[in-house]
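What follows is a short report on a single structure.
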Amino acid sequence: MNITTNKIASLAYTLKNDDGEILDKADENNPFLYMHGTGGIIKGLENALNEKSVNDSFSLIVAPDEAYGERDDKLTESVPRTMFEGIPDEEMVAGAQFHAQTPQGTQVITVASIDGDTINIDANHPLAGETLHFDVAVLDIRDATEEEIAHGHPHAPGGCGHDHA
């Protein structure tokens with residue numbers, strides 16, 4: 001069986017940046033599952049996985065335009081601390097992430113830095129602008145269930161784990 005649309009692939013991988021720093025990892029004991037053809041992973045990796053088979057392994061370099069895009073300075077902003085009313089001071093630290101409602105919908109924002117009562121936020125994906133280096137092994141491939149196809153993502157044994165109301 002090959003990885004094609006609506007197949008669930010189980011992967012082991014190591015993700016590194018240009019400096020060789022490990023950014024993420026999945027192995028045989030804790031594999032990464034995804035449904036092919038739904039846009040659930042970055043475009044460069046999904047394209048490389050198309051038609052791969054169980055036991056295929058490969059290395060891949062993905063440029064920002066096929067990953068999380070280039071960094072966009074327009075997605076950074078300085079806002080007053082009052083925008084984070086109800087958030088305790090000990091949780092307001094550089095690197096903290098929050099969900100924010102924007103005209104584009106819900107976005108994750110990261111606290112880049114804090115300067116007194118000014119919070120500098122960044123809505124870029126943390127890996128925006130990064131060239132990503134993958135070592136990937138295809139562990140398993142199966143057909144998606146009707147429920148997985150309807151939901152657009154793989155399910156763990158026992159179901160989805162969240163509400164699709």
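Residue numbering restarts at 1 in every chain; chains get A, B, ... in the order shown in the structure tokens, and ligands count up from 1 in that same order.
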Considering only C-alpha atoms, return as a ChimeraX atom specification whatever protein or nucleic-acid residues lie within 10 Å of Glu46 of chain A, sequence-local ones (same chain, fewer than 4 positions apart) excluded. /A:3-4,34-42,50,66
Written file, previous selection with C-alpha atoms, as a short mmCIF file (atom, residue, chain, number, x, y, z; two decimals), in the first residue's frame:
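Produced file selection-v5.cif, reproduced below:
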```cif
data_model
loop_
_atom_site.label_atom_id
_atom_site.label_comp_id
_atom_site.auth_asym_id
_atom_site.auth_seq_id
_atom_site.Cartn_x
_atom_site.Cartn_y
_atom_site.Cartn_z
CA ILE A 3 0.56 6.82 0.83
CA THR A 4 -2.21 8.49 -1.14
CA TYR A 34 -1.42 11.95 9.82
CA MET A 35 -4.03 11.68 7.09
CA HIS A 36 -2.58 12.27 3.65
CA GLY A 37 -4.20 14.87 1.41
CA THR A 38 -5.89 16.95 4.08
CA GLY A 39 -3.24 19.63 4.58
CA GLY A 40 -2.61 18.47 8.13
CA ILE A 41 1.17 18.69 7.72
CA ILE A 42 3.45 21.11 5.93
CA ASN A 50 3.11 10.97 -1.64
CA GLU A 66 6.89 24.86 1.69
#
```
Kindly assemble as a tab-separated table a list of the segment 60-124 of chain A residues that lie within 6 Å of segment 129-153 of chain A, each paired with its nearest atom pair and their distance in Å to one decimal, using only C-alpha atoms, sorted first by chain and then by ascending residue number.
```
residue	atom	partner	partner_atom	distance
A:Leu60	CA	A:Phe134	CA	5.1
A:Ile61	CA	A:His133	CA	4.6
A:Val62	CA	A:Leu132	CA	5.0
A:Ala63	CA	A:Thr131	CA	4.7
A:Pro64	CA	A:Gly129	CA	5.3
A:Gly69	CA	A:Gly129	CA	5.9
A:Glu70	CA	A:Gly129	CA	4.1
A:Arg71	CA	A:Gly129	CA	5.0
```
Near Lys52 of chain A, counting only C-alpha atoms, which residues have an atom at most 7 Å away, once you skip same-chain residues fewer than 3 positions from it, shown as number ranges by chain? A: 2-3, 49, 56
Convert the current residue selection to file output with N, CA and C atoms, as a compact mmCIF listing (two decimals), in the first residue's frame.
```txt
# COMPACT_ATOMS: atom_id res chain seq x y z
N ASN A 2 0.51 2.23 -0.78
CA ASN A 2 1.25 3.49 -0.85
C ASN A 2 0.48 4.60 -0.16
N ILE A 3 1.19 5.64 0.23
CA ILE A 3 0.56 6.82 0.83
C ILE A 3 -0.10 7.62 -0.29
N LEU A 49 6.01 12.65 0.87
CA LEU A 49 5.46 11.39 1.33
C LEU A 49 4.51 10.74 0.32
N ASP A 56 9.87 2.65 3.69
CA ASP A 56 10.63 3.69 2.99
C ASP A 56 11.19 4.65 4.02
```
Write down as a PyMOL selection string the residues of segment 112-151 of chain A whose backbone DSSP state falls under alpha helix (DSSP H). chain A and resi 146-151
For the selection just defined, write its residues with C-alpha atoms to a file, as a PDB file, in the first residue's frame.
```
ATOM      1  CA  GLU A 146     -15.270   6.975   7.227  1.00  0.00           C
ATOM      2  CA  GLU A 147     -15.294   8.903  10.515  1.00  0.00           C
ATOM      3  CA  GLU A 148     -11.648   9.961  10.066  1.00  0.00           C
ATOM      4  CA  ILE A 149     -12.383  11.115   6.521  1.00  0.00           C
ATOM      5  CA  ALA A 150     -15.402  13.092   7.763  1.00  0.00           C
ATOM      6  CA  HIS A 151     -13.299  14.698  10.517  1.00  0.00           C
TER       7      HIS A 151
END
```
One decimal, in Å: what's the spacing between atom CA of Arg81 of chain A and atom CA of His99 of chain A?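 Rounded to one decimal, the two atoms are 15.6 Å apart.
The list of residues with at least one atom within 7 Å of Ile119 of chain A, based on only C-alpha atoms and without residues fewer than 6 positions apart in the same chain, reads Ser78, Val79, Pro80, Arg81, Val111 and Ser113 of chain A.
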Separating atom CA of Met1 of chain A from atom CA of Val54 of chain A, to the nearest tenth of an Å, is a gap of 7.5 Å
Where does DSSP see strand (DSSP E) in segment 11-163 of chain A, if you list the residues as a ChimeraX atom specification? /A:11-16,22-26,32-35,57-62,76-80,97-102,105-115,118-122,132-143
Separation of atom CA of Leu127 of chain A and atom CA of Tyr13 of chain A, in Å?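 Here the two named atoms are 16.8 Å from each other.
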Using only C-alpha atoms, can you tell me which of A:Leu75, A:Ala48, A:Asp19, A:Leu11 comes closest to Pro31 of chain A? A:Leu11
